[in-house]
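So this block is my_file14.cif, mmCIF, C-alpha atoms:
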data_my_file
#
loop_
_atom_site.label_atom_id
_atom_site.label_comp_id
_atom_site.auth_asym_id
_atom_site.auth_seq_id
_atom_site.Cartn_x
_atom_site.Cartn_y
_atom_site.Cartn_z
CA MET A 1 102.96 82.30 132.34
CA ILE A 2 101.99 81.08 128.93
CA ARG A 3 100.81 77.50 128.90
CA ALA A 4 102.43 74.70 126.95
CA ALA A 5 99.54 74.65 124.47
CA ILE A 6 100.22 78.25 123.46
CA ALA A 7 103.96 77.65 123.21
CA THR A 8 103.29 74.69 120.91
CA VAL A 9 101.06 76.82 118.71
CA LEU A 10 103.73 79.47 118.35
CA ALA A 11 106.35 76.90 117.46
CA LEU A 12 104.21 75.20 114.82
CA LEU A 13 102.74 78.17 112.98
CA ALA A 14 104.84 79.61 110.16
CA VAL A 15 103.20 81.50 107.29
CA PRO A 16 105.33 82.60 104.33
CA ALA A 17 104.92 86.28 103.46
CA GLN A 18 103.72 85.52 99.94
CA ALA A 19 100.77 83.50 101.35
CA ILE A 20 99.41 86.34 103.46
CA GLU A 21 96.07 87.93 102.62
CA ILE A 22 95.25 90.98 104.71
CA GLN A 23 91.66 91.97 105.44
CA ASP A 24 90.78 95.56 106.38
CA VAL A 25 88.32 95.32 109.28
CA THR A 26 86.17 97.96 110.96
CA SER A 27 84.34 97.03 114.16
CA PRO A 28 80.71 98.03 114.78
CA GLY A 29 82.11 100.70 117.10
CA GLY A 30 84.41 102.10 114.41
CA ILE A 31 87.73 100.59 115.51
CA LYS A 32 89.93 99.62 112.56
CA ALA A 33 92.29 96.65 112.30
CA TRP A 34 94.13 94.52 109.76
CA LEU A 35 93.58 90.79 109.91
CA VAL A 36 95.32 87.71 108.54
CA GLN A 37 92.83 84.88 109.09
CA ASP A 38 94.20 81.36 109.57
CA ASP A 39 91.81 78.75 110.92
CA SER A 40 94.32 75.88 110.90
CA ILE A 41 95.05 76.22 114.62
CA PRO A 42 92.56 77.40 117.29
CA PHE A 43 94.63 80.38 118.36
CA VAL A 44 94.51 84.15 117.84
CA ALA A 45 96.98 86.97 118.45
CA LEU A 46 96.38 90.71 118.56
CA ASP A 47 98.96 93.49 118.61
CA ILE A 48 97.44 96.76 119.84
CA GLN A 49 99.52 99.94 119.54
CA PHE A 50 98.66 103.33 121.04
CA ARG A 51 100.40 106.21 119.29
CA GLY A 52 102.51 108.63 121.30
CA GLY A 53 103.86 106.23 123.88
CA ALA A 54 106.20 107.55 126.52
CA SER A 55 106.64 110.75 124.54
CA MET A 56 103.21 111.67 125.93
CA ASP A 57 104.58 112.22 129.45
CA ALA A 58 103.29 115.48 130.91
CA GLU A 59 105.71 118.27 131.78
CA GLY A 60 107.64 117.33 134.92
CA LYS A 61 106.21 113.78 134.95
CA ARG A 62 108.88 111.90 133.00
CA GLY A 63 108.49 108.18 133.51
CA ALA A 64 104.73 108.29 134.14
CA VAL A 65 103.66 106.53 130.93
CA ASN A 66 106.29 103.83 131.36
CA MET A 67 105.28 103.21 134.96
CA MET A 68 101.57 103.33 134.12
CA THR A 69 102.10 100.72 131.40
CA ALA A 70 103.94 98.42 133.80
CA LEU A 71 101.03 98.64 136.24
CA LEU A 72 98.31 97.65 133.76
CA GLU A 73 98.76 93.97 134.61
CA GLU A 74 99.02 94.63 138.34
CA GLY A 75 95.33 94.35 139.05
CA ALA A 76 92.19 95.56 137.28
CA GLY A 77 88.50 95.87 138.09
CA SER A 78 87.69 93.62 141.04
CA ASN A 79 90.90 91.59 140.63
CA SER A 80 94.01 92.27 142.66
CA ALA A 81 97.39 91.83 140.99
CA THR A 82 97.58 88.20 142.14
CA GLN A 83 93.99 87.46 141.15
CA PHE A 84 94.45 89.05 137.74
CA ALA A 85 97.60 87.05 137.01
CA GLN A 86 95.90 83.85 138.13
CA ALA A 87 92.86 84.51 135.93
CA VAL A 88 95.07 85.00 132.87
CA GLU A 89 97.02 81.85 133.74
CA ASP A 90 93.87 79.80 134.18
CA LEU A 91 92.78 80.70 130.65
CA GLY A 92 96.14 79.80 129.13
CA ALA A 93 96.25 83.31 127.70
CA ARG A 94 99.09 85.76 127.40
CA LEU A 95 98.78 89.52 127.90
CA SER A 96 101.79 91.81 127.59
CA PHE A 97 102.26 95.55 128.05
CA SER A 98 105.26 97.70 127.16
CA ALA A 99 106.11 101.32 126.46
CA SER A 100 108.53 102.88 124.02
CA ASP A 101 109.22 106.43 122.88
CA ASP A 102 106.54 106.11 120.19
CA THR A 103 103.90 103.67 121.43
CA VAL A 104 102.31 101.80 124.28
CA SER A 105 102.12 98.21 123.01
CA VAL A 106 99.64 95.60 124.14
CA GLY A 107 99.91 91.97 123.16
CA PHE A 108 97.04 89.49 123.35
CA GLN A 109 97.29 85.76 122.66
CA SER A 110 94.58 83.20 123.40
CA LEU A 111 93.19 79.86 122.39
CA THR A 112 89.92 80.30 120.53
CA GLU A 113 87.81 78.64 123.21
CA ASN A 114 88.99 81.14 125.84
CA ARG A 115 89.14 84.19 123.58
CA ASP A 116 86.19 86.14 124.96
CA ALA A 117 87.08 85.53 128.61
CA ALA A 118 90.67 86.60 127.98
CA ALA A 119 89.43 89.67 126.11
CA ASP A 120 87.34 90.66 129.13
CA LEU A 121 90.45 90.59 131.30
CA LEU A 122 92.36 92.76 128.83
CA ALA A 123 89.45 95.19 128.64
CA GLN A 124 89.58 95.53 132.43
CA ALA A 125 93.33 96.12 132.39
CA LEU A 126 93.02 98.91 129.82
CA ALA A 127 89.89 100.64 131.10
CA GLN A 128 89.90 99.83 134.84
CA PRO A 129 93.49 99.47 136.09
CA ARG A 130 93.62 99.62 139.88
CA PHE A 131 96.99 101.29 140.48
CA ASP A 132 96.91 99.91 144.02
CA ASP A 133 99.39 101.35 146.51
CA ASP A 134 101.27 98.10 147.02
CA ALA A 135 101.62 97.51 143.28
CA LEU A 136 102.67 101.11 142.73
CA THR A 137 105.35 100.79 145.40
CA ARG A 138 106.61 97.52 143.95
CA VAL A 139 106.78 98.76 140.35
CA ARG A 140 108.30 102.07 141.41
CA GLY A 141 111.08 100.10 143.10
CA GLN A 142 111.64 98.04 139.95
CA VAL A 143 111.89 101.14 137.78
CA GLN A 144 114.27 102.84 140.21
CA ALA A 145 116.46 99.71 140.19
CA VAL A 146 116.65 99.96 136.40
CA ILE A 147 117.58 103.64 136.65
CA ARG A 148 120.36 102.85 139.12
CA SER A 149 121.64 100.06 136.89
CA GLU A 150 121.70 102.33 133.84
CA ALA A 151 123.73 104.89 135.77
CA THR A 152 126.57 102.36 136.07
CA ASP A 153 126.33 100.90 132.56
CA PRO A 154 128.62 102.62 130.03
CA ASN A 155 126.39 101.62 127.13
CA SER A 156 123.39 103.28 128.76
CA ILE A 157 125.46 106.32 129.67
CA ALA A 158 126.58 106.70 126.05
CA ALA A 159 123.04 106.27 124.71
CA LYS A 160 121.61 108.83 127.13
CA GLU A 161 124.27 111.40 126.31
CA MET A 162 123.74 110.91 122.59
CA ALA A 163 119.98 111.30 122.99
CA ALA A 164 120.41 114.47 125.04
CA GLN A 165 122.61 116.01 122.37
CA ALA A 166 120.42 114.85 119.49
CA TRP A 167 116.97 115.86 120.64
CA GLY A 168 117.19 118.90 122.90
CA ALA A 169 113.87 119.57 124.64
CA HIS A 170 111.93 116.77 122.89
CA PRO A 171 110.98 113.72 125.02
CA TYR A 172 113.34 111.64 122.83
CA ALA A 173 116.18 113.39 124.67
CA THR A 174 115.52 111.60 127.96
CA SER A 175 114.91 108.03 129.10
CA ILE A 176 111.34 106.74 129.15
CA ASN A 177 112.13 105.47 132.66
CA GLY A 178 112.45 109.01 133.96
CA THR A 179 114.88 109.91 136.72
CA ALA A 180 115.07 108.70 140.30
CA GLU A 181 113.56 112.04 141.37
CA SER A 182 110.74 112.13 138.81
CA VAL A 183 109.72 108.53 139.49
CA ALA A 184 109.79 109.03 143.27
CA ALA A 185 107.37 111.94 142.90
CA LEU A 186 104.77 110.14 140.75
CA THR A 187 101.39 109.68 142.42
CA ARG A 188 98.42 107.51 141.58
CA GLN A 189 96.73 110.57 140.12
CA ASP A 190 99.73 111.09 137.82
CA LEU A 191 99.36 107.54 136.53
CA VAL A 192 95.64 107.96 135.90
CA ALA A 193 96.42 111.15 133.99
CA ALA A 194 99.13 109.37 131.99
CA LYS A 195 96.67 106.63 131.06
CA ASN A 196 94.18 109.19 129.81
CA ARG A 197 96.88 110.92 127.72
CA VAL A 198 97.65 107.71 125.81
CA LEU A 199 94.99 104.99 126.04
CA ALA A 200 92.17 106.20 123.80
CA ARG A 201 90.42 104.88 120.72
CA ASP A 202 91.66 107.71 118.48
CA ARG A 203 95.27 106.62 119.12
CA VAL A 204 94.98 102.90 118.41
CA VAL A 205 96.08 100.63 115.56
CA VAL A 206 95.51 96.88 115.66
CA GLY A 207 97.01 93.89 113.90
CA ALA A 208 95.33 90.48 114.23
CA ALA A 209 96.22 86.99 113.06
CA GLY A 210 94.82 83.52 113.57
CA ASP A 211 91.57 81.70 114.07
CA ILE A 212 89.08 84.56 113.85
CA SER A 213 86.82 85.95 111.13
CA ALA A 214 86.49 89.62 110.25
CA GLU A 215 83.06 89.76 111.89
CA GLU A 216 84.32 88.06 115.05
CA LEU A 217 87.33 90.37 115.18
CA GLY A 218 85.10 93.44 114.99
CA LEU A 219 83.12 92.25 118.00
CA LEU A 220 86.32 91.35 119.87
CA LEU A 221 87.80 94.80 119.26
CA ASP A 222 84.74 96.51 120.71
CA ARG A 223 84.82 94.09 123.63
CA ILE A 224 88.47 94.99 124.41
CA LEU A 225 88.63 98.67 123.50
CA GLY A 226 85.05 99.88 123.77
CA GLY A 227 85.49 100.97 127.38
CA LEU A 228 88.27 103.42 126.51
CA PRO A 229 87.58 107.12 125.94
CA GLU A 230 87.07 108.14 122.34
CA GLN A 231 89.84 110.76 122.46
CA ALA A 232 93.04 111.18 124.45
CA THR A 233 93.41 114.19 126.72
CA ALA A 234 96.62 115.53 125.13
CA PRO A 235 97.83 116.09 121.55
CA LEU A 236 100.46 113.87 119.98
CA PRO A 237 104.09 115.02 120.24
CA GLU A 238 105.60 117.46 117.75
CA GLN A 239 108.22 116.27 115.31
CA ALA A 240 111.71 116.42 116.83
CA GLU A 241 114.42 118.49 115.19
CA LEU A 242 117.78 116.70 115.13
CA GLN A 243 120.32 118.92 116.89
CA VAL A 244 123.36 116.68 117.01
CA THR A 245 126.50 118.14 115.46
CA GLY A 246 129.76 116.56 114.36
CA GLY A 247 132.58 116.01 116.80
CA THR A 248 133.38 113.94 119.88
CA THR A 249 132.22 113.85 123.48
CA VAL A 250 134.32 111.88 125.97
CA ILE A 251 132.81 110.82 129.30
CA ASP A 252 135.48 109.66 131.73
CA TRP A 253 134.90 106.10 132.90
CA ASP A 254 137.41 103.93 134.70
CA SER A 255 137.62 100.95 132.39
CA PRO A 256 140.21 99.31 130.12
CA GLN A 257 137.68 99.59 127.28
CA THR A 258 135.82 102.48 125.70
CA VAL A 259 132.20 102.25 124.61
CA VAL A 260 131.64 104.12 121.35
CA ALA A 261 128.27 105.46 120.19
CA PHE A 262 127.91 107.49 117.02
CA ALA A 263 125.02 109.10 115.19
CA GLY A 264 124.19 111.42 112.33
CA PRO A 265 121.11 112.46 110.38
CA GLY A 266 118.65 109.69 109.57
CA ILE A 267 115.70 109.29 107.24
CA PRO A 268 111.96 108.69 107.73
CA ILE A 269 110.47 105.50 106.33
CA ASP A 270 108.15 107.42 104.00
CA ASP A 271 111.08 109.22 102.35
CA PRO A 272 111.59 108.24 98.67
CA ASP A 273 115.23 107.45 99.48
CA TYR A 274 114.45 105.18 102.42
CA PHE A 275 115.06 101.88 100.65
CA ALA A 276 118.32 103.18 99.20
CA ALA A 277 119.38 104.05 102.75
CA PHE A 278 118.15 100.65 103.96
CA VAL A 279 120.40 98.85 101.47
CA ALA A 280 123.29 101.25 102.12
CA ASN A 281 123.06 100.61 105.86
CA HIS A 282 123.31 96.86 105.34
CA ILE A 283 126.50 97.32 103.33
CA LEU A 284 127.98 99.90 105.69
CA GLY A 285 127.34 98.35 109.09
CA GLY A 286 124.03 96.55 109.33
CA GLY A 287 125.04 93.33 107.62
CA GLY A 288 127.08 91.70 110.37
CA PHE A 289 130.31 90.13 109.18
CA SER A 290 129.57 91.11 105.58
CA SER A 291 129.52 94.84 106.35
CA ARG A 292 132.33 97.24 105.56
CA LEU A 293 132.79 98.37 109.15
CA MET A 294 133.17 94.82 110.43
CA GLU A 295 135.64 94.06 107.66
CA GLU A 296 137.80 97.12 108.29
CA ILE A 297 137.65 97.35 112.09
CA ARG A 298 137.34 93.74 113.25
CA GLU A 299 138.48 91.43 110.48
CA LYS A 300 141.46 93.40 109.19
CA ARG A 301 142.62 95.04 112.41
CA GLY A 302 141.01 93.26 115.38
CA LEU A 303 140.02 96.51 117.08
CA THR A 304 136.64 95.28 118.32
CA TYR A 305 134.53 92.16 118.69
CA GLY A 306 131.70 93.84 116.83
CA VAL A 307 130.58 97.10 115.27
CA GLY A 308 127.25 97.85 113.65
CA THR A 309 124.91 100.52 112.36
CA ALA A 310 121.15 100.94 112.13
CA LEU A 311 118.54 103.31 110.79
CA ALA A 312 116.68 104.49 113.89
CA THR A 313 113.31 105.44 112.42
CA GLY A 314 111.28 106.92 115.24
CA LEU A 315 107.86 108.33 114.43
CA TYR A 316 108.96 111.80 115.50
CA GLY A 317 112.65 111.83 114.54
CA GLN A 318 115.33 109.70 112.93
CA THR A 319 119.07 109.06 113.15
CA TRP A 320 121.59 106.87 111.36
CA GLN A 321 123.50 105.44 114.29
CA GLY A 322 125.90 102.78 115.41
CA GLY A 323 128.12 101.50 118.17
CA MET A 324 131.06 99.38 119.24
CA SER A 325 133.55 98.98 122.06
CA GLY A 326 137.29 98.48 122.06
CA SER A 327 140.43 99.01 124.08
CA ASN A 328 141.31 102.51 125.21
CA ALA A 329 144.56 102.30 123.26
CA THR A 330 142.92 101.63 119.87
CA THR A 331 139.66 103.58 120.11
CA ALA A 332 141.09 106.61 118.30
CA GLU A 333 142.05 104.44 115.32
CA ALA A 334 138.61 102.84 115.25
CA VAL A 335 136.86 106.22 115.34
CA GLU A 336 138.87 107.43 112.36
CA LEU A 337 138.04 104.26 110.45
CA ILE A 338 134.32 104.79 111.10
CA ARG A 339 134.59 108.35 109.78
CA ALA A 340 136.47 107.10 106.73
CA GLU A 341 133.88 104.43 105.94
CA TRP A 342 131.08 106.95 106.51
CA ALA A 343 132.64 109.10 103.79
CA ARG A 344 133.55 106.23 101.45
CA MET A 345 129.91 105.21 101.00
CA ALA A 346 129.37 108.29 98.83
CA GLU A 347 131.86 106.85 96.33
CA GLY A 348 129.45 104.00 95.62
CA VAL A 349 129.29 100.27 96.23
CA THR A 350 130.40 97.35 94.11
CA ASP A 351 127.99 95.23 92.10
CA GLN A 352 128.79 92.29 94.38
CA GLU A 353 128.06 94.28 97.54
CA LEU A 354 124.76 95.43 96.09
CA THR A 355 123.76 91.95 94.94
CA ASP A 356 124.70 90.34 98.25
CA ALA A 357 122.77 92.97 100.24
CA LYS A 358 119.64 92.56 98.14
CA THR A 359 119.82 88.77 98.33
CA TYR A 360 119.99 88.86 102.11
CA LEU A 361 117.39 91.58 102.66
CA THR A 362 114.82 90.00 100.36
CA GLY A 363 115.54 86.46 101.53
CA GLU A 364 115.20 87.13 105.23
CA TYR A 365 111.94 89.06 104.94
CA PRO A 366 109.57 86.05 104.71
CA LEU A 367 111.25 84.57 107.79
CA ARG A 368 109.79 87.36 109.89
CA PHE A 369 106.29 85.92 109.46
CA ASP A 370 106.92 82.99 111.77
CA GLY A 371 103.80 82.99 113.93
CA ASN A 372 100.52 84.70 114.65
CA GLY A 373 102.11 87.02 117.19
CA ARG A 374 104.79 88.20 114.77
CA ILE A 375 102.28 88.65 111.96
CA ALA A 376 99.95 90.69 114.18
CA SER A 377 102.90 92.86 115.23
CA ILE A 378 103.93 93.47 111.63
CA LEU A 379 100.38 94.41 110.64
CA ALA A 380 100.11 96.91 113.51
CA GLY A 381 103.52 98.36 112.68
CA MET A 382 102.58 98.85 109.04
CA GLN A 383 99.54 100.87 110.06
CA LEU A 384 101.51 102.85 112.62
CA ILE A 385 104.01 103.92 109.96
CA GLY A 386 101.37 104.52 107.33
CA PHE A 387 102.29 101.75 104.89
CA PRO A 388 99.64 100.66 102.37
CA ILE A 389 97.89 97.35 102.92
CA ASP A 390 99.77 95.76 99.99
CA TYR A 391 103.21 96.67 101.41
CA ILE A 392 104.14 93.05 102.14
CA ASP A 393 103.63 92.22 98.45
CA THR A 394 105.65 95.19 97.19
CA ARG A 395 108.41 95.51 99.79
CA ASN A 396 110.98 93.19 98.19
CA ALA A 397 110.48 94.83 94.80
CA LYS A 398 111.42 98.15 96.40
CA VAL A 399 114.63 96.60 97.71
CA GLU A 400 115.43 95.03 94.33
CA ALA A 401 114.91 98.39 92.59
CA VAL A 402 117.75 100.07 94.50
CA THR A 403 120.74 100.86 92.28
CA SER A 404 124.34 101.74 93.03
CA GLU A 405 123.52 105.30 92.01
CA ASP A 406 120.69 105.38 94.55
CA VAL A 407 123.06 104.26 97.30
CA SER A 408 125.60 106.91 96.33
CA ARG A 409 122.93 109.61 96.27
CA VAL A 410 121.56 108.83 99.71
CA ALA A 411 125.08 108.50 101.11
CA GLN A 412 126.00 111.91 99.75
CA ARG A 413 122.84 113.30 101.28
CA LEU A 414 123.17 111.78 104.76
CA LEU A 415 126.58 110.24 105.42
CA ASP A 416 128.66 113.35 106.02
CA PRO A 417 131.47 112.50 108.47
CA GLU A 418 131.58 116.16 109.52
CA ARG A 419 128.03 115.76 110.90
CA LEU A 420 128.80 112.50 112.72
CA ARG A 421 128.80 112.85 116.51
CA PHE A 422 130.72 110.38 118.68
CA VAL A 423 130.12 109.76 122.38
CA LEU A 424 132.92 107.80 124.05
CA VAL A 425 132.57 106.39 127.56
CA GLY A 426 135.93 105.27 128.91
CA ARG A 427 139.48 106.62 128.85
CA PRO A 428 140.37 106.57 125.15
CA GLU A 429 143.95 107.49 124.47
CA GLY A 430 144.61 110.51 122.29
CA ILE A 431 141.00 111.77 122.18
CA GLU A 432 139.52 114.69 124.06
CA SER A 433 136.04 116.17 124.08
CA ASP A 434 135.34 119.05 121.77
CA PRO A 435 132.61 121.63 122.36
CA VAL A 436 129.00 120.72 121.76
CA THR A 437 127.57 123.55 119.70
CA ASN A 438 123.89 122.60 119.41
#

Mind turning the file's structure into structure tokens?
Amino acid sequence: MIRAAIATVLALLAVPAQAIEIQDVTSPGGIKAWLVQDDSIPFVALDIQFRGGASMDAEGKRGAVNMMTALLEEGAGSNSATQFAQAVEDLGARLSFSASDDTVSVGFQSLTENRDAAADLLAQALAQPRFDDDALTRVRGQVQAVIRSEATDPNSIAAKEMAAQAWGAHPYATSINGTAESVAALTRQDLVAAKNRVLARDRVVVGAAGDISAEELGLLLDRILGGLPEQATAPLPEQAELQVTGGTTVIDWDSPQTVVAFAGPGIPIDDPDYFAAFVANHILGGGGFSSRLMEEIREKRGLTYGVGTALATGLYGQTWQGGMSGSNATTAEAVELIRAEWARMAEGVTDQELTDAKTYLTGEYPLRFDGNGRIASILAGMQLIGFPIDYIDTRNAKVEAVTSEDVSRVAQRLLDPERLRFVLVGRPEGIESDPVTN
């Protein structure tokens, strides 16, 4: 657990985006990082991201990277799982490990006085994880419990079906948790192999914030990451080709409500039209109660408690997606309204909609920089995506530059209701599945 001193630090530190100065750091061992130095509080946070993530699972070993990541804090070097957790606790530090489709993420937070000792523990976790039998059995059981839970959750069922239709043979098509069968078959050797496929110095990006100089950060990076191999044992995943087609898939589920997932072609963040799509999404369904979909489906007709959209910008593939739930009797009406609003975006947006969207999107951005941990995460994410180091200074100007014509153009390019696939989990009245042609 994180100690009260760390929690207090996180609560007190808030740095406005416009005050941030980013330093480009290279360690003596050649590891690169971006740093925002702030000596006002004796606390430092690192966000370490390894490219590839759970998409690096070997053939037939789905779930290995996710399970390996969960085991990194379950004992390392000479420390058992209990001893490792106690050592972290004694230092008042916080280490976190998680996997996603695109990255394995490692969080590090420590008071300055304990920084080196905490770094040594993290270095052990990354380079010398034990993967003990008892920890493996325990974590395997936790993952299998999640898999069983997802099998009875209509939202998870809808998401998995949409992913399967969208991404074909790419790892994006299946859950990072794997299946009950694939997880049951994973051995310690599989987890060691998964570690070597992901945790290497050529895959890493690092964001750092807090009470540390560039020189000190360079030494800390080598201390934490120097024990990792220089190169991973497998290439990064290929780009995924979106295969989802328009139409509707209905999965029978005994419930008075239907869960609705929908998705169409998305856009990568480095696309020239990305910020136009970003603003368009806010107006269409990403802006909460101010969005068109909420207005038409909830406010005017009361067909759902909430409906929303998002730009899902994975490193290897993108969708423009959304979701809602509503009664079986009214789902068909809601689906048609979503299609209608999808199409209407191409007609343009009003000056007021555009102004309101820009005001919100530029105003909320500085609020993201509300602590060393968040700042470190943003810096790592910027590098992962490939943003320039001055992105924080230029981001709001890119939002402000979006015009109504830009929104119409990107909507005409991407928001084709004939390419919008719906997955419905429930017993919606008046809707049947049509063939999936991908």

Once the PyMOL selection byres ((chain A and resi 263-266) around 8) has been evaluated on this model, what residues remain selected, and can you format them as a PDB file with C-alpha atoms, in the frame of the given file?
ATOM      1  CA  MET A 162     123.740 110.910 122.590  1.00  0.00           C
ATOM      2  CA  LEU A 242     117.780 116.700 115.130  1.00  0.00           C
ATOM      3  CA  VAL A 244     123.360 116.680 117.010  1.00  0.00           C
ATOM      4  CA  THR A 245     126.500 118.140 115.460  1.00  0.00           C
ATOM      5  CA  GLY A 246     129.760 116.560 114.360  1.00  0.00           C
ATOM      6  CA  ALA A 261     128.270 105.460 120.190  1.00  0.00           C
ATOM      7  CA  PHE A 262     127.910 107.490 117.020  1.00  0.00           C
ATOM      8  CA  ILE A 267     115.700 109.290 107.240  1.00  0.00           C
ATOM      9  CA  PRO A 268     111.960 108.690 107.730  1.00  0.00           C
ATOM     10  CA  LEU A 311     118.540 103.310 110.790  1.00  0.00           C
ATOM     11  CA  ALA A 312     116.680 104.490 113.890  1.00  0.00           C
ATOM     12  CA  THR A 313     113.310 105.440 112.420  1.00  0.00           C
ATOM     13  CA  GLN A 318     115.330 109.700 112.930  1.00  0.00           C
ATOM     14  CA  THR A 319     119.070 109.060 113.150  1.00  0.00           C
ATOM     15  CA  TRP A 320     121.590 106.870 111.360  1.00  0.00           C
ATOM     16  CA  GLN A 321     123.500 105.440 114.290  1.00  0.00           C
ATOM     17  CA  GLY A 322     125.900 102.780 115.410  1.00  0.00           C
ATOM     18  CA  LEU A 414     123.170 111.780 104.760  1.00  0.00           C
ATOM     19  CA  LEU A 415     126.580 110.240 105.420  1.00  0.00           C
ATOM     20  CA  ASP A 416     128.660 113.350 106.020  1.00  0.00           C
ATOM     21  CA  ARG A 419     128.030 115.760 110.900  1.00  0.00           C
ATOM     22  CA  LEU A 420     128.800 112.500 112.720  1.00  0.00           C
ATOM     23  CA  ARG A 421     128.800 112.850 116.510  1.00  0.00           C
ATOM     24  CA  PHE A 422     130.720 110.380 118.680  1.00  0.00           C
TER      25      PHE A 422
END

Straight-line distance linking CA of Glu295 (chain A) with CA of Gly308 (chain A), stated in Å to one decimal |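 CA of Gly308 (chain A) lies 11.0 Å from CA of Glu295 (chain A).
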
Closest of A:Glu432, A:Leu136, A:Leu379, A:Leu337 to Gly247 (chain A) - atom-to-atom distances counting only C-alpha atoms |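 When distances to Gly247 (chain A) are compared using only C-alpha atoms, the smallest one comes from A:Glu432.
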
Check which residues satisfy the PyMOL selection byres ((chain A and resi 342) around 10) in the file shown, then give them as a list in words.
->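 Listing what the PyMOL selection byres ((chain A and resi 342) around 10) selects in the shown file: Leu284, Gly285, Arg292, Leu293, Glu336, Leu337, Ile338, Arg339, Ala340, Glu341, Ala343, Arg344, Met345, Ala346, Ala411, Gln412, Leu414, Leu415, Asp416, Pro417, Glu418 and Leu420 of chain A.
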
Could you pull the residues within 8 Å of region 31-44 of chain A, counting all atoms listed in the file, minus those fewer than 2 positions along the same chain, as an MDAnalysis selection string?
-> chainID A and resid 6 9 20:29 46 109:113 115 201 205:214 218 221:222 372 375:376 379:380

Nearest residue to Gly314 (chain A) from the set A:Ala193, A:Ala240, A:Ile389, A:Ala85 (distances using all atoms listed in the file) | A:Ala240

Nearby residues (all atoms listed in the file) at most 12 Å from Ser325 (chain A), same-chain spacing under 4 positions excluded, as an MDAnalysis selection string | chainID A and resid 154:155 158 255:262 297:298 302:308 329:332 334:335 423:428

Go through A:Ala127, A:Gly52, A:Ser98, A:Arg301 one by one, measure the shortest atom-to-atom distance of each to Gly77 (chain A) using all atoms listed in the file, and give the residue with the smallest value.
-> A:Ala127

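You will find CA of Thr69 (chain A) at 7.2 Å from CA of Val104 (chain A).
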
Output of the PyMOL selection byres ((chain A and resi 122) around 12), listed as a VMD selection string | chain A and resid 46 48 72 to 77 79 84 to 85 87 to 88 93 to 97 106 to 110 115 to 121 123 to 129 220 to 228

Using the file's own x, y and z axes, what box holds all listed atoms of region 335-349 of chain A with 8 Å on each side, keeping edges along x, y and z, and what are its centre and edge lengths in Å to one decimal, as JSON?
{"center_x": 134.1, "center_y": 104.7, "center_z": 105.5, "size_x": 25.6, "size_y": 24.8, "size_z": 35.7}
